[in-house]
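Novice: This is entry04.txt (compact mmCIF, C-alpha atoms).
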# COMPACT_ATOMS: atom_id res chain seq x y z
CA GLU A 1 84.41 72.22 104.56
CA MET A 2 83.56 74.23 107.68
CA ILE A 3 82.69 77.33 105.63
CA ASP A 4 80.57 75.27 103.23
CA ALA A 5 78.73 73.74 106.20
CA ILE A 6 78.05 77.19 107.67
CA PHE A 7 76.67 78.47 104.37
CA GLN A 8 74.49 75.38 104.04
CA TRP A 9 73.20 75.86 107.58
CA MET A 10 72.44 79.57 107.00
CA THR A 11 70.55 79.00 103.77
CA SER A 12 68.52 76.21 105.38
CA LEU A 13 67.16 78.67 107.94
CA GLY A 14 65.43 80.91 105.44
CA CYS A 15 65.91 83.36 102.61
CA ILE A 16 69.57 84.40 102.76
CA ASP A 17 71.23 86.65 100.16
CA THR A 18 74.53 84.82 99.81
CA SER A 19 75.99 87.72 97.82
CA LYS A 20 75.97 89.84 100.97
CA VAL A 21 77.65 87.71 103.62
CA PHE A 22 80.10 89.29 106.07
CA ALA A 23 82.41 87.73 108.64
CA GLY A 24 84.41 88.90 111.64
CA GLY A 25 86.73 87.04 113.97
CA PHE A 26 88.74 87.53 117.16
CA SER A 27 92.22 86.10 117.82
CA TYR A 28 92.50 82.75 116.00
CA GLY A 29 89.03 83.49 114.67
CA GLY A 30 90.66 86.56 113.17
CA THR A 31 93.28 84.34 111.55
CA ILE A 32 90.50 82.29 109.95
CA VAL A 33 88.90 85.48 108.62
CA GLN A 34 92.26 86.61 107.23
CA ASP A 35 92.59 83.29 105.44
CA LEU A 36 89.08 83.67 104.01
CA ALA A 37 90.28 86.85 102.30
CA CYS A 38 92.83 84.69 100.56
CA VAL A 39 91.05 81.43 99.78
CA ARG A 40 87.31 82.24 99.96
CA SER A 41 87.06 85.96 99.18
CA TRP A 42 84.50 85.24 96.44
CA GLN A 43 82.04 84.01 99.09
CA PHE A 44 82.13 87.15 101.23
CA ARG A 45 81.23 90.80 100.76
CA GLY A 46 83.30 91.93 103.74
CA LEU A 47 85.75 90.55 106.32
CA ALA A 48 86.91 92.03 109.63
CA PRO A 49 89.65 90.22 111.61
CA ASP A 50 90.59 91.51 115.07
CA VAL A 51 93.99 90.88 116.72
CA ALA A 52 94.80 87.92 114.49
CA PRO A 53 98.05 86.50 115.96
CA GLY A 54 101.11 87.68 114.09
CA ASP A 55 103.86 85.61 115.68
CA TYR A 56 102.82 82.18 114.41
CA THR A 57 104.37 82.08 110.96
CA ASP A 58 103.14 78.55 110.33
CA ARG A 59 99.52 79.64 110.69
CA GLY A 60 97.49 81.60 108.19
CA LEU A 61 97.76 81.90 104.44
CA LEU A 62 97.75 85.61 103.75
CA HIS A 63 101.33 86.19 104.89
CA LEU A 64 102.48 83.70 102.27
CA GLY A 65 101.25 85.97 99.50
CA ASP A 66 99.82 82.91 97.76
CA CYS A 67 96.41 84.40 96.97
CA LYS A 68 96.56 84.30 93.19
CA ASN A 69 92.90 83.34 92.78
CA ALA A 70 91.60 85.79 95.39
CA THR A 71 88.93 88.29 94.36
CA PRO A 72 88.22 91.88 95.54
CA VAL A 73 86.67 92.09 99.00
CA THR A 74 86.05 94.66 101.73
CA TYR A 75 88.54 94.12 104.55
CA ILE A 76 88.85 95.96 107.88
CA SER A 77 91.37 94.74 110.44
CA PHE A 78 92.14 95.83 113.99
CA CYS A 79 95.26 95.33 116.08
CA GLY A 80 96.69 96.74 119.32
CA THR A 81 100.23 98.03 119.75
CA GLY A 82 100.42 96.12 123.05
CA ASP A 83 99.00 92.85 121.72
CA ILE A 84 100.59 89.79 123.36
CA SER A 85 100.07 87.76 120.16
CA HIS A 86 102.04 90.36 118.18
CA CYS A 87 99.37 91.05 115.58
CA TYR A 88 101.20 94.31 114.87
CA LEU A 89 104.04 92.40 113.19
CA ASN A 90 102.08 91.83 109.99
CA SER A 91 98.58 93.28 110.36
CA ILE A 92 99.20 96.09 107.88
CA ALA A 93 101.13 93.82 105.49
CA LYS A 94 98.21 91.39 105.37
CA ALA A 95 95.80 94.24 104.66
CA GLU A 96 98.13 95.36 101.88
CA THR A 97 97.86 91.89 100.34
CA VAL A 98 94.07 92.30 100.27
CA ALA A 99 94.43 95.83 98.88
CA LYS A 100 96.41 94.47 95.94
CA GLN A 101 93.84 91.79 95.12
CA THR A 102 91.10 94.45 95.44
CA HIS A 103 92.98 96.71 92.99
CA CYS A 104 93.26 99.65 95.38
CA SER A 105 95.37 102.53 94.09
CA ARG A 106 97.14 104.03 97.10
CA SER A 107 97.17 104.17 100.90
CA GLU A 108 97.44 106.86 103.53
CA LEU A 109 97.61 106.96 107.32
CA ARG A 110 94.55 108.56 108.89
CA ARG A 111 94.20 109.49 112.53
CA LYS A 112 90.72 108.30 113.52
CA SER A 113 91.00 109.40 117.14
CA ALA A 114 93.56 110.16 119.85
CA THR A 115 94.28 106.43 120.20
CA VAL A 116 93.53 104.95 116.77
CA ASN A 117 95.42 105.29 113.49
CA CYS A 118 94.21 103.51 110.36
CA THR A 119 96.00 102.80 107.11
CA VAL A 120 93.28 103.37 104.51
CA TRP A 121 93.48 102.35 100.86
CA SER A 122 91.55 104.28 98.21
CA GLY A 123 90.40 103.65 94.65
CA CYS A 124 89.48 100.05 95.43
CA HIS A 125 87.47 97.97 92.97
CA ALA A 126 83.67 98.39 93.02
CA GLY A 127 83.71 100.65 96.08
CA HIS A 128 85.30 98.08 98.37
CA ILE A 129 86.90 99.30 101.60
CA VAL A 130 90.32 98.17 102.81
CA GLU A 131 91.60 99.45 106.17
CA SER A 132 94.05 98.34 108.83
CA CYS A 133 93.58 100.07 112.20
CA MET A 134 96.06 100.17 115.06
CA VAL A 135 94.86 100.90 118.61
CA TYR A 136 97.43 102.44 120.95
CA ARG A 137 98.44 100.15 123.86
CA MET A 138 95.52 97.78 123.34
CA ASP A 139 96.29 94.20 124.33
CA HIS A 140 94.57 91.08 122.95
CA GLU A 141 91.13 92.67 123.09
CA ILE A 142 88.16 93.78 121.03
CA PRO A 143 88.42 97.58 120.60
CA GLY A 144 85.80 99.53 122.51
CA ARG A 145 84.76 96.47 124.54
CA VAL A 146 85.78 94.75 127.75
CA ALA A 147 86.21 91.00 128.15
CA PRO A 148 83.28 89.29 129.92
CA ASP A 149 85.71 87.48 132.24
CA GLY A 150 86.86 90.77 133.79
CA THR A 151 90.45 90.59 132.52
CA SER A 152 90.41 93.81 130.48
CA PHE A 153 92.20 96.98 131.48
CA LEU A 154 90.12 100.11 131.05
CA HIS A 155 90.90 102.00 127.85
CA PRO A 156 90.22 105.56 126.73
CA GLY A 157 86.79 106.21 125.27
CA SER A 158 88.56 107.36 122.11
CA ASP A 159 89.16 103.74 121.06
CA LEU A 160 86.94 102.88 118.10
CA ASP A 161 84.18 100.42 118.91
CA TYR A 162 85.02 97.43 116.70
CA THR A 163 81.44 96.20 116.32
CA LYS A 164 79.91 99.60 115.64
CA TYR A 165 82.66 100.74 113.28
CA VAL A 166 82.74 97.53 111.24
CA PHE A 167 78.96 97.39 110.84
CA GLU A 168 78.89 101.03 109.76
CA LYS A 169 81.51 100.31 107.10
CA PHE A 170 79.83 97.10 106.00
CA SER A 171 76.56 99.00 105.54
CA LEU A 172 78.20 100.82 102.62
CA GLN A 173 78.38 97.49 100.79
CA VAL A 174 74.60 97.00 100.59
CA ALA A 175 71.78 99.06 99.10
CA SER A 176 70.48 101.61 101.61
CA ASP A 177 66.89 100.42 101.30
CA GLN A 178 68.01 96.98 102.50
CA LEU A 179 68.85 98.39 105.92
CA ARG A 180 66.22 97.79 108.55
CA PHE A 181 64.30 100.98 109.41
CA TYR A 182 65.92 102.88 106.52
CA GLY A 183 63.83 105.96 105.64
CA HIS A 184 62.12 106.10 109.02
CA PRO A 185 60.58 108.05 110.52
CA THR A 186 58.33 109.01 107.61
CA ARG A 187 56.42 112.28 107.60
CA ALA A 188 53.24 110.39 108.56
CA GLU A 189 55.05 108.79 111.50
CA GLU A 190 56.36 112.15 112.67
CA ASP A 191 52.85 113.64 112.46
CA TRP A 192 51.44 110.72 114.45
CA LYS A 193 54.09 111.14 117.14
CA GLN A 194 53.32 114.84 117.59
CA GLU A 195 49.52 114.67 117.44
CA VAL A 196 49.23 114.53 121.23
CA TRP A 197 51.29 115.77 124.16
CA PRO A 198 53.30 114.17 125.63
CA PRO A 199 54.25 112.63 122.27
CA ASN A 200 53.13 109.10 121.43
CA LYS A 201 55.71 106.46 122.25
CA MET A 202 56.83 103.72 119.89
CA TYR A 203 59.40 100.95 119.76
CA ASP A 204 61.38 100.03 116.67
CA SER A 205 61.53 96.33 117.46
CA MET A 206 58.41 94.40 116.49
CA TYR A 207 59.40 91.75 119.02
CA LEU A 208 59.48 94.38 121.75
CA ARG A 209 56.11 95.76 120.65
CA THR A 210 54.57 92.31 120.82
CA ALA A 211 56.09 91.67 124.25
CA LEU A 212 54.76 94.97 125.57
CA ALA A 213 51.32 94.22 124.18
CA THR A 214 51.21 90.91 126.07
CA GLN A 215 51.80 92.88 129.27
CA GLY A 216 48.57 94.79 128.80
CA LEU A 217 49.95 97.79 126.93
CA GLN A 218 47.80 99.22 124.18
CA THR A 219 48.81 98.28 120.63
CA LEU A 220 47.61 100.65 117.93
CA PRO A 221 46.35 99.33 114.54
CA ASN A 222 49.66 100.23 112.90
CA GLN A 223 51.50 98.10 115.49
CA ARG A 224 52.85 101.04 117.44
CA VAL A 225 52.55 100.78 121.18
CA SER A 226 50.93 103.49 123.24
CA ILE A 227 51.91 103.58 126.90
CA THR A 228 49.60 105.22 129.42
CA SER A 229 51.19 106.13 132.74
CA THR A 230 49.21 106.16 135.97
CA ILE A 231 50.41 108.36 138.82
CA GLU A 232 49.31 107.44 142.32
CA TYR A 233 49.76 109.71 145.30
CA GLU A 234 48.52 110.03 148.84
CA GLY A 235 46.45 113.09 149.67
Show me the file's structure as C-alpha cells.
Specialist:
Amino acid sequence: EMIDAIFQWMTSLGCIDTSKVFAGGFSYGGTIVQDLACVRSWQFRGLAPDVAPGDYTDRGLLHLGDCKNATPVTYISFCGTGDISHCYLNSIAKAETVAKQTHCSRSELRRKSATVNCTVWSGCHAGHIVESCMVYRMDHEIPGRVAPDGTSFLHPGSDLDYTKYVFEKFSLQVASDQLRFYGHPTRAEEDWKQEVWPPNKMYDSMYLRTALATQGLQTLPNQRVSITSTIEYEG
C-alpha cells in the first residue's frame, strides 16, 4: 500500500514516466528496497539498497528465496565489511537471487578500487545490471559520504561514492537523449562561449540563471547569463 501511495503521489505531481522509476534505501530502507526486488520488481527499473541489515532473519523477503513472480530488474547493493548490522552475511546471496530472476549468466569479482570489490553478473536480461559491492572496513554508512550527525569515521577517498556510482549505472537504463543536458555543449554554444575574451559565462541550471538575473545580472536572449565584473582600486 505504501508503494502504491508513493506512485499515486508522484504521478499526481506531473508527467512521470512510470516505466523508469528507480529506488534506493539505507539501512532498513535498504531492506525495503531489497524486498521490492522480490515483490514489486515489475514497478521499478532499478534498485539500490545500502547496508540492508543482514542479522535479522525475520525481516526481508529476498533471503527466503520466495520470489517466483519476480521480474528482471537492475540491482546494485552496497555493504561494509565492518557493518554493525552484519549486511555482509547475505548481501551477495541476495544479489544472486536477483541475478537469477534477471537471467544473468555468470558472475565475477571485480576490484573497483583499493577498498571496494564488487561481484558483477553479466549477460543479464535486456541489459540489466546486477552488482553487489563490498567496502573494506566500512561501518553502517553510505559509501563516499559522512553522516550529518558527525558520527562517521573518515574513510579513504578510494571508497566509491554510492550516490554518484548508482546514478551513473542507472543512467544506462534510460535513453541517452532523456538525460538533462545530454549533447551539450553544441557547436553553436562553444562558438558563443569563445566569441569574446574572457569567455562568456553560463550556468546549466535555469533556476540559477533566473536567480542571477533577478540580482541585476544580464540575461542574454538565449537565457544564458553574462556576468560583467567591475574592479575598483585606489590610485
Novice: Name all residues at most 12 Å from Lys169 in chain A (count all atoms listed in the file; drop same-chain ones fewer than 4 positions away) and give them as a ChimeraX atom specification.
Specialist: /A:22,45-48,74-77,127-131,162-165,173-174
Novice: Could the centre and edge lengths of an axis-aligned box, enclosing all atoms of range 115-126 of chain A in the file with 4 Å extra on each side, be given in Å to one decimal as AutoDock Vina command-line options?
Specialist:
--center_x 89.8 --center_y 102.2 --center_z 106.6 --size_x 20.3 --size_y 16.5 --size_z 35.2
Novice: Which residue is closest to Thr102 in chain A? Choose from A:Leu172, A:Cys38, A:Cys79, A:Cys118 and count only C-alpha atoms.
Specialist: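 Once distances to Thr102 in chain A are computed over only C-alpha atoms, the minimum belongs to A:Cys38.
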Novice: Show me the residues around (88.0, 88.3, 114.6) - criterion: an atom at most 12 Å away, only C-alpha atoms counted - as a count of residues only.
Specialist: 35
Novice: So that I can check the surroundings of Ile3 in chain A, please list as a list in words every protein, DNA and RNA residue that reaches within 10 Å of it, counting all atoms listed in the file and ignoring chain neighbours fewer than 3 positions away.
Specialist: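 In the requested format, the answer is Ile6, Phe7, Gln8, Trp9, Leu36, Arg40 and Gln43 of chain A.
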Novice: Will you model N, CA and C atoms for range 164-194 of chain A and pass it back as a short mmCIF file (atom, residue, chain, number, x, y, z; two decimals), in the coordinates of the input?
Specialist:
data_model
loop_
_atom_site.label_atom_id
_atom_site.label_comp_id
_atom_site.auth_asym_id
_atom_site.auth_seq_id
_atom_site.Cartn_x
_atom_site.Cartn_y
_atom_site.Cartn_z
N LYS A 164 80.62 98.47 116.23
CA LYS A 164 79.91 99.60 115.64
C LYS A 164 80.60 100.08 114.36
N TYR A 165 81.92 100.22 114.42
CA TYR A 165 82.66 100.74 113.28
C TYR A 165 82.58 99.80 112.08
N VAL A 166 82.76 98.51 112.34
CA VAL A 166 82.74 97.53 111.24
C VAL A 166 81.36 97.46 110.59
N PHE A 167 80.30 97.45 111.41
CA PHE A 167 78.96 97.39 110.84
C PHE A 167 78.63 98.65 110.05
N GLU A 168 79.11 99.80 110.52
CA GLU A 168 78.89 101.03 109.76
C GLU A 168 79.57 100.96 108.40
N LYS A 169 80.79 100.44 108.36
CA LYS A 169 81.51 100.31 107.10
C LYS A 169 80.87 99.26 106.20
N PHE A 170 80.47 98.14 106.79
CA PHE A 170 79.83 97.10 106.00
C PHE A 170 78.52 97.58 105.38
N SER A 171 77.84 98.51 106.06
CA SER A 171 76.56 99.00 105.54
C SER A 171 76.73 99.69 104.19
N LEU A 172 77.94 100.16 103.90
CA LEU A 172 78.20 100.82 102.62
C LEU A 172 78.27 99.81 101.47
N GLN A 173 78.29 98.53 101.81
CA GLN A 173 78.38 97.49 100.79
C GLN A 173 77.02 96.89 100.42
N VAL A 174 75.95 97.46 100.94
CA VAL A 174 74.60 97.00 100.59
C VAL A 174 73.77 98.21 100.19
N ALA A 175 72.68 97.97 99.48
CA ALA A 175 71.78 99.06 99.10
C ALA A 175 71.13 99.64 100.36
N SER A 176 71.01 100.96 100.41
CA SER A 176 70.48 101.61 101.61
C SER A 176 69.11 101.10 101.99
N ASP A 177 68.25 100.84 100.99
CA ASP A 177 66.89 100.42 101.30
C ASP A 177 66.83 98.99 101.83
N GLN A 178 67.98 98.31 101.90
CA GLN A 178 68.01 96.98 102.50
C GLN A 178 68.29 97.03 104.00
N LEU A 179 68.60 98.23 104.50
CA LEU A 179 68.85 98.39 105.92
C LEU A 179 67.53 98.48 106.68
N ARG A 180 67.44 97.75 107.76
CA ARG A 180 66.22 97.79 108.55
C ARG A 180 65.98 99.20 109.08
N PHE A 181 64.75 99.67 108.97
CA PHE A 181 64.30 100.98 109.41
C PHE A 181 64.83 102.12 108.55
N TYR A 182 65.43 101.81 107.39
CA TYR A 182 65.92 102.88 106.52
C TYR A 182 64.74 103.73 106.04
N GLY A 183 64.89 105.06 106.08
CA GLY A 183 63.83 105.96 105.64
C GLY A 183 62.82 106.31 106.71
N HIS A 184 63.02 105.78 107.91
CA HIS A 184 62.12 106.10 109.02
C HIS A 184 62.81 107.07 109.97
N PRO A 185 62.03 107.96 110.59
CA PRO A 185 60.58 108.05 110.52
C PRO A 185 60.10 108.75 109.25
N THR A 186 58.96 108.33 108.74
CA THR A 186 58.33 109.01 107.61
C THR A 186 57.61 110.24 108.13
N ARG A 187 57.17 111.09 107.20
CA ARG A 187 56.42 112.28 107.60
C ARG A 187 55.15 111.90 108.35
N ALA A 188 54.47 110.84 107.88
CA ALA A 188 53.24 110.39 108.56
C ALA A 188 53.54 109.93 109.98
N GLU A 189 54.68 109.25 110.16
CA GLU A 189 55.05 108.79 111.50
C GLU A 189 55.37 109.96 112.42
N GLU A 190 56.05 110.96 111.88
CA GLU A 190 56.36 112.15 112.67
C GLU A 190 55.07 112.87 113.09
N ASP A 191 54.12 112.99 112.14
CA ASP A 191 52.85 113.64 112.46
C ASP A 191 52.11 112.89 113.55
N TRP A 192 52.12 111.54 113.44
CA TRP A 192 51.44 110.72 114.45
C TRP A 192 52.06 110.91 115.82
N LYS A 193 53.39 110.99 115.86
CA LYS A 193 54.09 111.14 117.14
C LYS A 193 53.71 112.45 117.82
N GLN A 194 53.54 113.51 117.03
CA GLN A 194 53.32 114.84 117.59
C GLN A 194 51.85 115.22 117.72
#
